[in-house]
Structures are given as structure tokens and as C-alpha cells.
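Have a look at run.cif; it's mmCIF, C-alpha atoms:
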```
data_protein
loop_
_atom_site.label_atom_id
_atom_site.label_comp_id
_atom_site.auth_asym_id
_atom_site.auth_seq_id
_atom_site.Cartn_x
_atom_site.Cartn_y
_atom_site.Cartn_z
CA MET A 1 49.19 -28.93 -7.52
CA MET A 2 46.56 -31.62 -7.18
CA GLN A 3 44.95 -29.73 -4.30
CA ASN A 4 44.72 -26.53 -6.37
CA GLN A 5 43.06 -28.42 -9.20
CA MET A 6 40.58 -29.99 -6.79
CA LYS A 7 39.77 -26.58 -5.31
CA ARG A 8 39.29 -25.16 -8.79
CA CYS A 9 36.94 -28.02 -9.73
CA PHE A 10 35.04 -27.57 -6.49
CA VAL A 11 34.51 -23.87 -7.22
CA ILE A 12 33.33 -24.60 -10.78
CA ILE A 13 30.92 -27.28 -9.59
CA SER A 14 29.57 -24.99 -6.85
CA VAL A 15 28.94 -22.18 -9.32
CA PHE A 16 27.26 -24.62 -11.70
CA ILE A 17 24.96 -25.93 -8.95
CA PHE A 18 24.13 -22.36 -7.91
CA LEU A 19 23.20 -21.40 -11.48
CA ILE A 20 21.07 -24.51 -11.90
CA GLY A 21 19.29 -23.74 -8.64
CA ALA A 22 18.74 -20.14 -9.66
CA PHE A 23 17.30 -21.26 -12.99
CA PHE A 24 14.84 -23.74 -11.55
CA VAL A 25 13.95 -22.10 -8.26
CA THR A 26 13.84 -18.40 -9.07
CA PRO A 27 11.47 -18.56 -12.07
CA GLY A 28 9.16 -20.77 -10.10
CA SER A 29 9.00 -18.35 -7.21
CA LEU A 30 8.63 -15.41 -9.57
CA PHE A 31 5.80 -17.16 -11.39
CA ALA A 32 4.08 -17.92 -8.09
CA LYS A 33 4.33 -14.25 -7.20
CA ALA A 34 2.94 -13.20 -10.58
CA MET A 35 0.00 -15.53 -10.14
CA SER A 36 -0.95 -13.76 -6.89
CA VAL A 37 -2.63 -10.75 -8.55
CA THR A 38 -6.02 -10.61 -6.82
CA THR A 39 -7.35 -7.14 -7.64
CA GLU A 40 -11.02 -7.05 -8.65
CA VAL A 41 -12.91 -4.02 -9.95
CA ASN A 42 -16.68 -3.72 -10.25
CA HIS A 43 -18.12 -0.80 -12.20
CA SER A 44 -21.35 -0.04 -14.04
CA PRO A 45 -20.47 2.17 -17.05
CA ILE A 46 -22.54 5.31 -17.54
CA ASP A 47 -24.76 5.43 -20.63
CA PHE A 48 -24.04 8.98 -21.81
CA PHE A 49 -23.04 12.42 -20.57
CA VAL A 50 -24.58 15.88 -20.66
CA PRO A 51 -22.16 18.79 -21.34
CA ALA A 52 -21.46 21.42 -18.68
CA LYS A 53 -22.16 18.95 -15.83
CA ARG A 54 -19.56 17.14 -13.74
CA ILE A 55 -19.46 13.34 -13.98
CA GLN A 56 -19.50 10.98 -11.01
CA LEU A 57 -17.99 7.53 -11.48
CA ASP A 58 -18.16 4.86 -8.77
CA ALA A 59 -16.23 1.61 -8.57
CA THR A 60 -15.80 -1.16 -6.04
CA VAL A 61 -12.17 -2.24 -5.74
CA THR A 62 -10.99 -5.17 -3.65
CA ASP A 63 -7.66 -6.93 -3.20
CA LYS A 64 -6.49 -9.61 -0.76
CA HIS A 65 -3.33 -7.57 -0.20
CA ALA A 66 -5.20 -4.30 0.52
CA VAL A 67 -5.75 -1.43 -1.89
CA LYS A 68 -3.14 1.32 -1.78
CA LEU A 69 -4.67 3.79 -4.25
CA VAL A 70 -7.23 4.00 -7.06
CA ARG A 71 -7.23 6.46 -9.96
CA CYS A 72 -9.51 7.26 -12.86
CA TYR A 73 -7.72 8.15 -16.09
CA PHE A 74 -9.77 10.02 -18.67
CA LYS A 75 -9.57 12.00 -21.90
CA ALA A 76 -11.78 13.54 -24.53
CA ASP A 77 -11.01 13.02 -28.20
CA GLU A 78 -9.55 16.53 -28.25
CA GLN A 79 -6.87 15.54 -25.71
CA ALA A 80 -3.79 13.64 -26.92
CA GLU A 81 -2.87 11.93 -23.63
CA TYR A 82 -4.77 10.77 -20.55
CA VAL A 83 -4.93 12.75 -17.34
CA PHE A 84 -6.30 11.40 -14.05
CA VAL A 85 -8.07 12.22 -10.82
CA GLU A 86 -7.49 10.46 -7.53
CA MET A 87 -10.51 8.42 -6.47
CA GLU A 88 -11.89 9.06 -2.99
CA ARG A 89 -12.67 6.12 -0.76
CA ILE A 90 -16.29 6.64 0.29
CA ASP A 91 -16.93 3.25 1.89
CA LYS A 92 -15.04 0.09 2.78
CA ASN A 93 -14.33 -0.93 -0.83
CA ARG A 94 -16.13 1.81 -2.76
CA TYR A 95 -14.25 4.57 -4.54
CA ARG A 96 -15.55 7.67 -6.31
CA ALA A 97 -14.12 9.92 -9.03
CA ILE A 98 -15.49 13.31 -10.04
CA LEU A 99 -14.55 14.27 -13.59
CA PRO A 100 -14.69 17.88 -14.79
CA SER A 101 -17.63 19.12 -16.85
CA PRO A 102 -17.32 18.22 -20.54
CA ALA A 103 -17.40 21.17 -22.94
CA ASP A 104 -20.31 21.70 -25.31
CA TYR A 105 -18.17 20.68 -28.29
CA THR A 106 -17.09 17.38 -26.75
CA HIS A 107 -18.74 14.32 -28.28
CA ARG A 108 -16.83 11.42 -26.70
CA ILE A 109 -14.93 10.66 -23.50
CA LYS A 110 -12.82 7.62 -22.62
CA TYR A 111 -11.97 6.52 -19.10
CA LEU A 112 -10.43 3.61 -17.20
CA PHE A 113 -9.50 2.73 -13.63
CA LEU A 114 -6.06 1.96 -12.21
CA ALA A 115 -5.39 0.38 -8.83
CA VAL A 116 -2.21 -0.25 -6.84
CA ASN A 117 -2.21 -2.73 -3.98
CA ALA A 118 -0.04 -2.93 -0.87
CA ASP A 119 2.47 -5.12 -2.73
CA ASN A 120 2.94 -2.39 -5.36
CA GLN A 121 1.19 -4.46 -8.04
CA VAL A 122 -0.45 -2.20 -10.62
CA VAL A 123 -3.51 -3.15 -12.69
CA LYS A 124 -5.79 -1.22 -15.01
CA THR A 125 -9.23 -1.99 -16.38
CA GLN A 126 -10.42 -2.01 -19.95
CA THR A 127 -11.27 1.36 -21.48
CA PHE A 128 -14.85 2.62 -21.30
CA THR A 129 -16.16 4.98 -23.97
CA VAL A 130 -19.15 7.26 -23.40
CA THR A 131 -20.71 9.67 -25.88
CA LYS A 132 -22.72 12.86 -25.51
CA GLY A 133 -26.44 12.22 -25.11
CA GLY A 134 -29.32 14.19 -26.48
CA ALA A 135 -31.27 14.19 -23.23
CA THR A 136 -32.06 17.51 -21.59
CA ASP A 137 -32.61 15.95 -18.15
CA VAL A 138 -29.47 15.57 -16.06
CA PRO A 139 -28.76 11.85 -15.40
CA GLU A 140 -28.14 10.65 -11.86
CA TRP A 141 -24.39 10.22 -12.48
CA GLN A 142 -24.16 13.94 -13.22
CA GLU A 143 -26.16 15.26 -10.30
CA VAL A 144 -22.94 16.61 -8.84
CA LYS A 145 -22.63 20.03 -7.29
CA ALA A 146 -20.04 22.13 -9.11
CA VAL A 147 -18.34 23.27 -5.92
CA GLY A 148 -14.62 23.95 -5.69
CA VAL A 149 -11.78 23.23 -8.07
CA ILE A 150 -11.08 19.75 -9.46
CA ALA A 151 -7.46 18.64 -9.11
CA VAL A 152 -6.31 16.85 -12.27
CA TYR A 153 -2.91 15.19 -12.68
CA THR A 154 -0.63 13.98 -15.45
CA GLU A 155 2.33 11.60 -15.43
CA LEU A 156 4.05 13.57 -18.15
CA SER A 157 6.99 15.72 -17.11
CA LYS A 158 5.15 18.89 -18.14
CA ALA A 159 1.51 19.47 -17.26
CA PRO A 160 -0.76 20.94 -19.93
CA GLU A 161 -2.16 24.40 -19.25
CA THR A 162 -5.71 23.19 -19.93
CA VAL A 163 -7.51 19.88 -20.36
CA SER A 164 -8.97 19.91 -23.85
CA GLY A 165 -12.59 18.85 -24.10
CA PHE A 166 -13.53 20.06 -20.61
CA SER A 167 -14.78 23.40 -19.32
CA ASP A 168 -14.57 23.63 -15.54
CA SER A 169 -12.52 24.99 -12.66
CA ILE A 170 -9.46 22.75 -13.00
CA THR A 171 -5.89 22.71 -11.73
CA VAL A 172 -3.42 20.50 -13.59
CA ASP A 173 -0.21 19.27 -11.97
CA ALA A 174 2.47 16.74 -12.90
CA VAL A 175 3.02 14.01 -10.31
CA GLU A 176 6.43 12.99 -9.05
CA SER A 177 8.19 10.35 -11.12
CA SER A 178 7.75 7.92 -8.21
CA ALA A 179 3.96 8.13 -8.71
CA ARG A 180 3.89 7.32 -12.43
CA PHE A 181 1.98 4.07 -12.04
CA GLY A 182 0.19 4.52 -15.35
CA MET A 183 3.54 4.18 -17.06
CA VAL A 184 4.30 1.00 -15.13
CA VAL A 185 1.21 -0.81 -16.31
CA GLY A 186 1.49 0.37 -19.92
CA GLY A 187 -1.20 1.01 -22.50
CA ILE A 188 -2.23 4.40 -21.07
CA TYR A 189 0.40 6.79 -22.36
CA SER A 190 1.86 6.66 -25.86
CA ALA A 191 5.43 5.46 -26.27
CA SER A 192 6.58 8.90 -27.42
CA ALA A 193 5.00 10.59 -24.39
CA MET A 194 6.69 8.12 -22.02
CA ALA A 195 10.04 8.56 -23.73
CA SER A 196 9.87 12.36 -23.56
CA SER A 197 9.01 12.14 -19.85
CA GLY A 198 11.86 9.80 -19.01
CA GLY A 199 9.67 6.81 -18.10
CA THR A 200 9.32 5.70 -14.47
CA ALA A 201 11.49 6.15 -11.43
CA GLY A 202 11.54 5.52 -7.71
CA THR A 203 8.53 3.75 -6.24
CA ALA A 204 6.75 3.51 -9.58
CA ALA A 205 9.74 1.83 -11.20
CA ALA A 206 9.85 -0.70 -8.36
CA ALA A 207 6.18 -1.57 -8.87
CA THR A 208 5.14 -4.58 -10.94
CA SER A 209 2.60 -4.53 -13.75
CA GLY A 210 -0.44 -6.71 -13.28
CA GLY A 211 -1.67 -5.86 -16.78
CA THR A 212 -5.31 -5.37 -17.73
CA ILE A 213 -8.21 -6.83 -15.78
CA THR A 214 -11.87 -6.84 -16.79
CA ALA A 215 -14.12 -4.65 -14.67
CA THR A 216 -17.34 -6.56 -14.02
CA GLY A 217 -20.74 -5.05 -13.41
CA SER A 218 -21.67 -4.11 -16.98
CA GLY A 219 -24.36 -6.70 -17.48
CA LEU A 220 -21.93 -9.63 -17.49
CA SER A 221 -21.81 -12.65 -15.23
CA THR A 222 -19.12 -12.29 -12.60
CA ALA A 223 -18.33 -15.98 -12.85
CA ALA A 224 -17.77 -15.65 -16.59
CA ILE A 225 -15.11 -12.97 -16.41
CA VAL A 226 -11.43 -13.42 -15.73
CA GLY A 227 -8.81 -10.70 -15.93
CA ILE A 228 -5.60 -12.11 -17.27
CA THR A 229 -2.64 -10.02 -16.23
CA ALA A 230 0.78 -9.63 -17.77
CA GLY A 231 2.21 -12.07 -15.27
CA GLY A 232 -0.71 -14.15 -14.08
CA LEU A 233 -4.45 -14.19 -13.62
CA ALA A 234 -7.24 -13.43 -11.19
CA ALA A 235 -10.32 -15.64 -11.35
CA ALA A 236 -13.78 -14.96 -9.97
CA GLY A 237 -16.70 -17.23 -9.28
CA GLY A 238 -14.91 -20.25 -7.87
CA GLY A 239 -13.74 -21.68 -11.20
CA VAL A 240 -10.28 -22.86 -12.05
CA ALA A 241 -8.88 -20.62 -14.76
CA VAL A 242 -6.10 -21.68 -17.09
CA ALA A 243 -4.08 -18.90 -18.69
CA ALA A 244 -3.55 -19.17 -22.42
CA ASN A 245 -1.14 -17.43 -24.75
CA ASN A 246 -0.45 -14.02 -23.27
CA ASP A 247 0.93 -11.71 -25.92
CA SER A 248 3.78 -9.26 -25.62
CA GLY A 249 1.77 -6.45 -24.10
CA GLY A 250 -0.20 -4.86 -26.85
CA HIS A 251 2.19 -2.38 -28.38
CA GLY A 252 3.63 -1.90 -31.84
CA GLY A 253 0.79 -3.47 -33.83
CA SER A 254 0.77 -6.79 -31.96
CA ASN A 255 -2.17 -9.18 -32.00
CA ASN A 256 -4.06 -10.78 -29.14
CA PRO A 257 -4.21 -14.42 -30.34
CA ASN A 258 -7.21 -15.19 -28.13
CA ALA A 259 -9.37 -12.13 -28.82
CA SER A 260 -12.27 -13.21 -31.02
CA ILE A 261 -15.44 -12.14 -32.83
CA THR A 262 -18.38 -14.49 -33.37
CA TRP A 263 -21.41 -13.38 -35.36
CA SER A 264 -24.50 -14.69 -37.14
CA ASP A 265 -28.09 -13.90 -38.03
CA THR A 266 -30.10 -15.53 -35.25
CA GLU A 267 -33.54 -15.64 -36.88
CA CYS A 268 -33.58 -15.47 -40.68
CA GLY A 269 -30.21 -16.78 -41.80
CA VAL A 270 -29.37 -13.56 -43.62
CA SER A 271 -25.77 -13.26 -44.87
CA LEU A 272 -23.71 -10.90 -42.72
CA ARG A 273 -20.28 -9.52 -43.58
CA VAL A 274 -17.93 -8.24 -40.86
CA VAL A 275 -14.98 -5.88 -41.36
CA PHE A 276 -12.66 -5.33 -38.40
CA ALA A 277 -9.83 -2.80 -38.29
CA GLY A 278 -10.29 -2.26 -42.02
CA LYS A 279 -9.97 -5.94 -42.94
CA GLU A 280 -12.81 -8.25 -43.98
CA LYS A 281 -13.23 -11.18 -41.59
CA GLY A 282 -15.81 -13.23 -43.46
CA ILE A 283 -19.49 -13.64 -44.33
CA SER A 284 -21.86 -15.73 -42.22
CA GLN A 285 -24.55 -17.56 -44.19
CA ALA A 286 -27.70 -19.56 -43.46
CA GLY A 287 -27.57 -18.61 -39.81
CA GLU A 288 -24.27 -20.46 -39.22
CA PRO A 289 -22.03 -18.46 -36.86
CA ILE A 290 -18.48 -17.51 -37.83
CA GLU A 291 -15.69 -17.11 -35.29
CA VAL A 292 -12.41 -15.36 -36.04
CA LYS A 293 -9.48 -15.10 -33.64
CA GLY A 294 -6.27 -13.14 -33.42
CA LEU A 295 -7.40 -9.51 -33.36
CA PRO A 296 -5.03 -6.54 -33.44
CA VAL A 297 -4.52 -4.89 -30.06
CA GLY A 298 -6.04 -1.44 -29.55
CA ASP A 299 -9.28 0.41 -30.32
CA HIS A 300 -10.73 -0.56 -33.70
CA ASP A 301 -13.99 -0.28 -35.63
CA LEU A 302 -16.11 -3.37 -36.17
CA ALA A 303 -18.53 -2.90 -39.09
CA ILE A 304 -21.31 -5.39 -39.86
CA TYR A 305 -23.17 -5.37 -43.18
CA ASN A 306 -26.51 -6.95 -44.14
CA GLU A 307 -25.70 -8.68 -47.42
CA ALA A 308 -29.27 -9.83 -48.15
CA GLY A 309 -29.95 -9.50 -51.87
CA THR A 310 -32.57 -11.47 -53.70
CA GLU A 311 -31.98 -14.13 -51.11
CA SER A 312 -33.10 -13.04 -47.68
CA GLY A 313 -32.93 -16.18 -45.61
CA THR A 314 -36.25 -17.23 -44.17
CA CYS A 315 -37.53 -13.66 -43.78
CA SER A 316 -39.06 -12.06 -46.86
CA ASP A 317 -38.21 -8.51 -45.76
CA GLY A 318 -34.47 -9.22 -45.65
CA ILE A 319 -34.11 -7.75 -42.16
CA SER A 320 -31.29 -9.31 -40.17
CA HIS A 321 -31.59 -9.97 -36.45
CA TYR A 322 -27.98 -10.50 -35.52
CA THR A 323 -25.80 -11.28 -32.54
CA ILE A 324 -22.12 -10.35 -32.12
CA ILE A 325 -20.10 -11.91 -29.29
CA LEU A 326 -16.56 -10.86 -28.36
CA GLY A 327 -14.10 -13.12 -26.54
CA GLY A 328 -10.55 -13.24 -25.22
CA GLY A 329 -10.78 -9.95 -23.36
CA ALA A 330 -12.19 -7.86 -26.23
CA THR A 331 -15.07 -5.55 -25.28
CA PHE A 332 -17.39 -3.06 -26.94
CA ALA A 333 -16.02 0.36 -26.02
CA GLU A 334 -19.43 1.98 -25.59
CA ASN A 335 -20.42 0.00 -22.50
CA GLY A 336 -17.70 -2.56 -21.79
CA SER A 337 -19.96 -5.49 -22.73
CA THR A 338 -19.03 -8.52 -24.81
CA ARG A 339 -22.37 -9.12 -26.55
CA ILE A 340 -24.62 -7.06 -28.81
CA GLU A 341 -27.98 -8.03 -30.33
CA ASP A 342 -29.60 -5.75 -32.90
CA SER A 343 -31.20 -5.67 -36.34
CA LEU A 344 -30.27 -4.32 -39.77
CA PRO A 345 -32.43 -3.62 -42.84
CA ARG A 346 -31.50 -5.11 -46.20
CA GLY A 347 -28.27 -3.45 -47.36
CA GLY A 348 -27.81 -1.69 -44.00
CA SER A 349 -24.72 -1.53 -41.83
CA GLU A 350 -23.68 -0.66 -38.29
CA THR A 351 -20.29 0.18 -36.78
CA TYR A 352 -19.09 -0.43 -33.22
CA GLU A 353 -15.83 0.51 -31.52
CA VAL A 354 -14.08 -2.47 -29.96
CA ASN A 355 -11.22 -2.49 -27.47
CA VAL A 356 -8.75 -5.37 -27.76
CA PRO A 357 -6.34 -5.55 -24.80
CA GLY A 358 -2.84 -6.91 -25.07
CA ILE A 359 -3.60 -9.88 -22.84
CA GLY A 360 -4.53 -13.53 -23.09
CA SER A 361 -7.81 -15.22 -22.41
CA ALA A 362 -8.76 -18.08 -20.14
CA ASN A 363 -10.44 -21.45 -20.24
CA PHE A 364 -12.65 -22.56 -17.37
CA LYS A 365 -12.92 -25.90 -15.61
CA TRP A 366 -15.86 -26.18 -13.23
#
```

Write out the structure in this file as C-alpha cells.
Amino acid sequence: MMQNQMKRCFVIISVFIFLIGAFFVTPGSLFAKAMSVTTEVNHSPIDFFVPAKRIQLDATVTDKHAVKLVRCYFKADEQAEYVFVEMERIDKNRYRAILPSPADYTHRIKYLFLAVNADNQVVKTQTFTVTKGGATDVPEWQEVKAVGVIAVYTELSKAPETVSGFSDSITVDAVESSARFGMVVGGIYSASAMASSGGTAGTAAAATSGGTITATGSGLSTAAIVGITAGGLAAAGGGVAVAANNDSGGHGGSNNPNASITWSDTECGVSLRVVFAGKEKGISQAGEPIEVKGLPVGDHDLAIYNEAGTESGTCSDGISHYTIILGGGATFAENGSTRIEDSLPRGGSETYEVNVPGIGSANFKW
């Protein structure tokens, strides 16, 4: 009897020790793995597009664990969900995507890059937005020969017959469920589209999301940019980055607690009012900058208004020379930058589209 009780106690103690070890050891190892995301993307966004001409997009993609594949997801405003083209490796770390020719009626295109490394870690970049230009000359990024058919893919279970917003020789196919990496990383397809397609399966389901990283090369300092992923971070420039307050992933109206807007009149001290996502964020006065944090995740309009009335700061004409700086991963959708400097006449206003990712920000120690 005593021996049975001792055996029973031994089993209970062994299970308890195992659970304690699993609790303390496993999360640590998982966290170490999450922190190993090392994908870096360098891309110079194009300034505009000319209809009826194919678009060439180049990006440099590197990863310490080798790059498995790179895609470019894109859509016009007329298209509900993203489609993608496979990017061709044209050099050691350089990849190229050829997008179909935009139609004459298309005014805006959005695109982003997705990469999968040899460890099946999936990351995507911020979204870039480009609008139709009024130039008649074909820009260098559209000096592409319209030869052959462009293969376009979707991760939805049923491929659309056409790609709205584009007029070109295109074939559209649905990829196997094991290749639905855009659904792994999240933030590309809508929740309803993913649900109707059954989500991920196979290899894609076994992949891990690295979240959103910032693609450098758009006029920003490489050392000043860190892409915080859903499970860890990747730092550039030799600094030590400290992750801060990752949010739940950017869905369902969540906020990024670290995404911020800072603005002020830099010369005359004119009062400037900012409205973001339909909500007023404050009025800067006497040239003193205002910073607001905790922006809603997604694509939103940022409107800035010159409030100069009878007072006009130190400038008699009431013209505001302002600066807007975004932080915490937020970027201006037009060119992927985090800073804009411009001017507004008395009573004037300007609106910018801003992308707020569902990720944290980082603090640097040098």
C-alpha cells in the first residue's frame, strides 16, 4: 500500500516538474526563434504610373537563412482583393516584378512585397500607393516591352476572370492551399475572403508569420528603420533595438499604441489642426510641435488645416510652412516615407493617406 502511494506521488511530482520545465523552457526557446527574423527588403517606390504601360518594380531582399521566394501583391482601387506575381531573381539578392498595364480609367494602385525564407518565416512590407501621373513621357520604370502573357495569381479558392483596373494579356490562376503565404502573414486578404477560401493548409499553414517589416530605400536612413515583426524584430545599422508593445495584429479596428503623428509650423508659428481617420487630434500653436500616439491600424486619411485667422504667427501672409513626422511604423502611402514638409495658404488644407501597420515600434540604444 505504502509503495503504491509512493509510486503515485512520484508520478505526480514527475508530471509537475515536466510541466514547469515546459512552461519555462519552451516559451524561451520559442521567443528566441521568433527573434531570429532577419529578412530585409530595400525598395525605391515609383513616383507615378502611365496607363497602358507595364510596370517594373525592383527590390533587394536578403535573409541570413536564405530567401525561398519573393512575391509582389498588387491591386487597383477597382479590385476588391490583392493578386500577385512571382518576382524573378535577376541578381544575387535582386528581384524583379512586372505588373500588367494599368487601364486608362485606373487612378491608383497599391502594392507590397512578401518574402519567405528557408525556415518558412513569412514577412511582408508596408503598402506602397502610386497614382496616375499626367506625364506623357514614359518613366524608366515603365520602359518594359509588352511581350508575352503575364501570369497573375490569387490565394482565393476561385480565381477572378479578369483583374479589374488593368488592361493587358493576363492569365489568372489560384495557387494551391500550401502556397497561401499571404494568408499566413495576415493583413493582405480580408477576413471574409480568407474564410470563404478555407484559410491556409499544408506548407503555408506550417509557416510562421514574421509580420510587417519596413522596406528601406525611400529616402530614409537605413540605420533609423527597424521592422518589428509579430514575434520579434530585425534591426539594421548596428544598433540595439528594443521591442515595445506589439499589438494584436491589426485587425478588427485595433490600434497601434506606438504609431504616432508629430506636426508643427516650422517657420511662422501658424496654428495647424490635424484630423486623422475622421477624428481631430489637436491644434499646434506658436510653432510648438504636437505628438499624438495610438493610431488606428489600416489606411486612413490625415488632413492638416491652416487655422491662421487674424493671427498669422510671425508671417504677415499667414502661409504655413509645416512638417509632419510619422513614427511607430506608420508611413505615408504615396511614397512610403515618414516625413513630409510643405506649405499651406491661410485657410488651406491638404490630405495625405497614411498606412498604420498592426505592429509595435522600437527604441534604439547606440

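Evaluated against this file, the PyMOL selection byres ((chain A and resi 56-65) around 8) yields Thr38, Thr39, Glu40, Val41, Asn42, His43, Ser44, Ile46, Arg54, Ile55, Ala66, Val67, Asn93, Arg94, Tyr95, Arg96, Ala97, Ile98, Leu99, Ala115, Asn117, Ala118, Asp119, Trp141, Gln142, Glu143 and Val144 of chain A.
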
### Query
Gly198 of chain A: which residues within 10 Å, counting all atoms listed in the file, same-chain residues fewer than 5 positions away excluded, as a ChimeraX atom specification?
/A:156-157,177,192-193

### Residue neighbourhood Glu334 of chain A, 12 Å, only C-alpha atoms, exclusion window fewer than 3 positions, as number ranges by chain
A: 44-48, 108-111, 126-132, 218, 299, 301, 331, 337-340, 351-355

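Nearest residue to Lys145 of chain A, choosing from A:Ala76, A:Ala201, A:Ile213, A:Ala52 and counting only C-alpha atoms: A:Ala52.
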
### Task
Would you write out, as a ChimeraX atom specification, every residue that the PyMOL selection byres ((chain A and resi 268-282) around 8) captures in this file?
/A:264-267,283-288,290,292,296,300-308,311-315,318-321

Please, could you write that set of residues out with C-alpha atoms as a compact mmCIF listing (two decimals), keeping the file's coordinate frame?
```txt
# COMPACT_ATOMS: atom_id res chain seq x y z
CA SER A 264 -24.50 -14.69 -37.14
CA ASP A 265 -28.09 -13.90 -38.03
CA THR A 266 -30.10 -15.53 -35.25
CA GLU A 267 -33.54 -15.64 -36.88
CA ILE A 283 -19.49 -13.64 -44.33
CA SER A 284 -21.86 -15.73 -42.22
CA GLN A 285 -24.55 -17.56 -44.19
CA ALA A 286 -27.70 -19.56 -43.46
CA GLY A 287 -27.57 -18.61 -39.81
CA GLU A 288 -24.27 -20.46 -39.22
CA ILE A 290 -18.48 -17.51 -37.83
CA VAL A 292 -12.41 -15.36 -36.04
CA PRO A 296 -5.03 -6.54 -33.44
CA HIS A 300 -10.73 -0.56 -33.70
CA ASP A 301 -13.99 -0.28 -35.63
CA LEU A 302 -16.11 -3.37 -36.17
CA ALA A 303 -18.53 -2.90 -39.09
CA ILE A 304 -21.31 -5.39 -39.86
CA TYR A 305 -23.17 -5.37 -43.18
CA ASN A 306 -26.51 -6.95 -44.14
CA GLU A 307 -25.70 -8.68 -47.42
CA ALA A 308 -29.27 -9.83 -48.15
CA GLU A 311 -31.98 -14.13 -51.11
CA SER A 312 -33.10 -13.04 -47.68
CA GLY A 313 -32.93 -16.18 -45.61
CA THR A 314 -36.25 -17.23 -44.17
CA CYS A 315 -37.53 -13.66 -43.78
CA GLY A 318 -34.47 -9.22 -45.65
CA ILE A 319 -34.11 -7.75 -42.16
CA SER A 320 -31.29 -9.31 -40.17
CA HIS A 321 -31.59 -9.97 -36.45
```
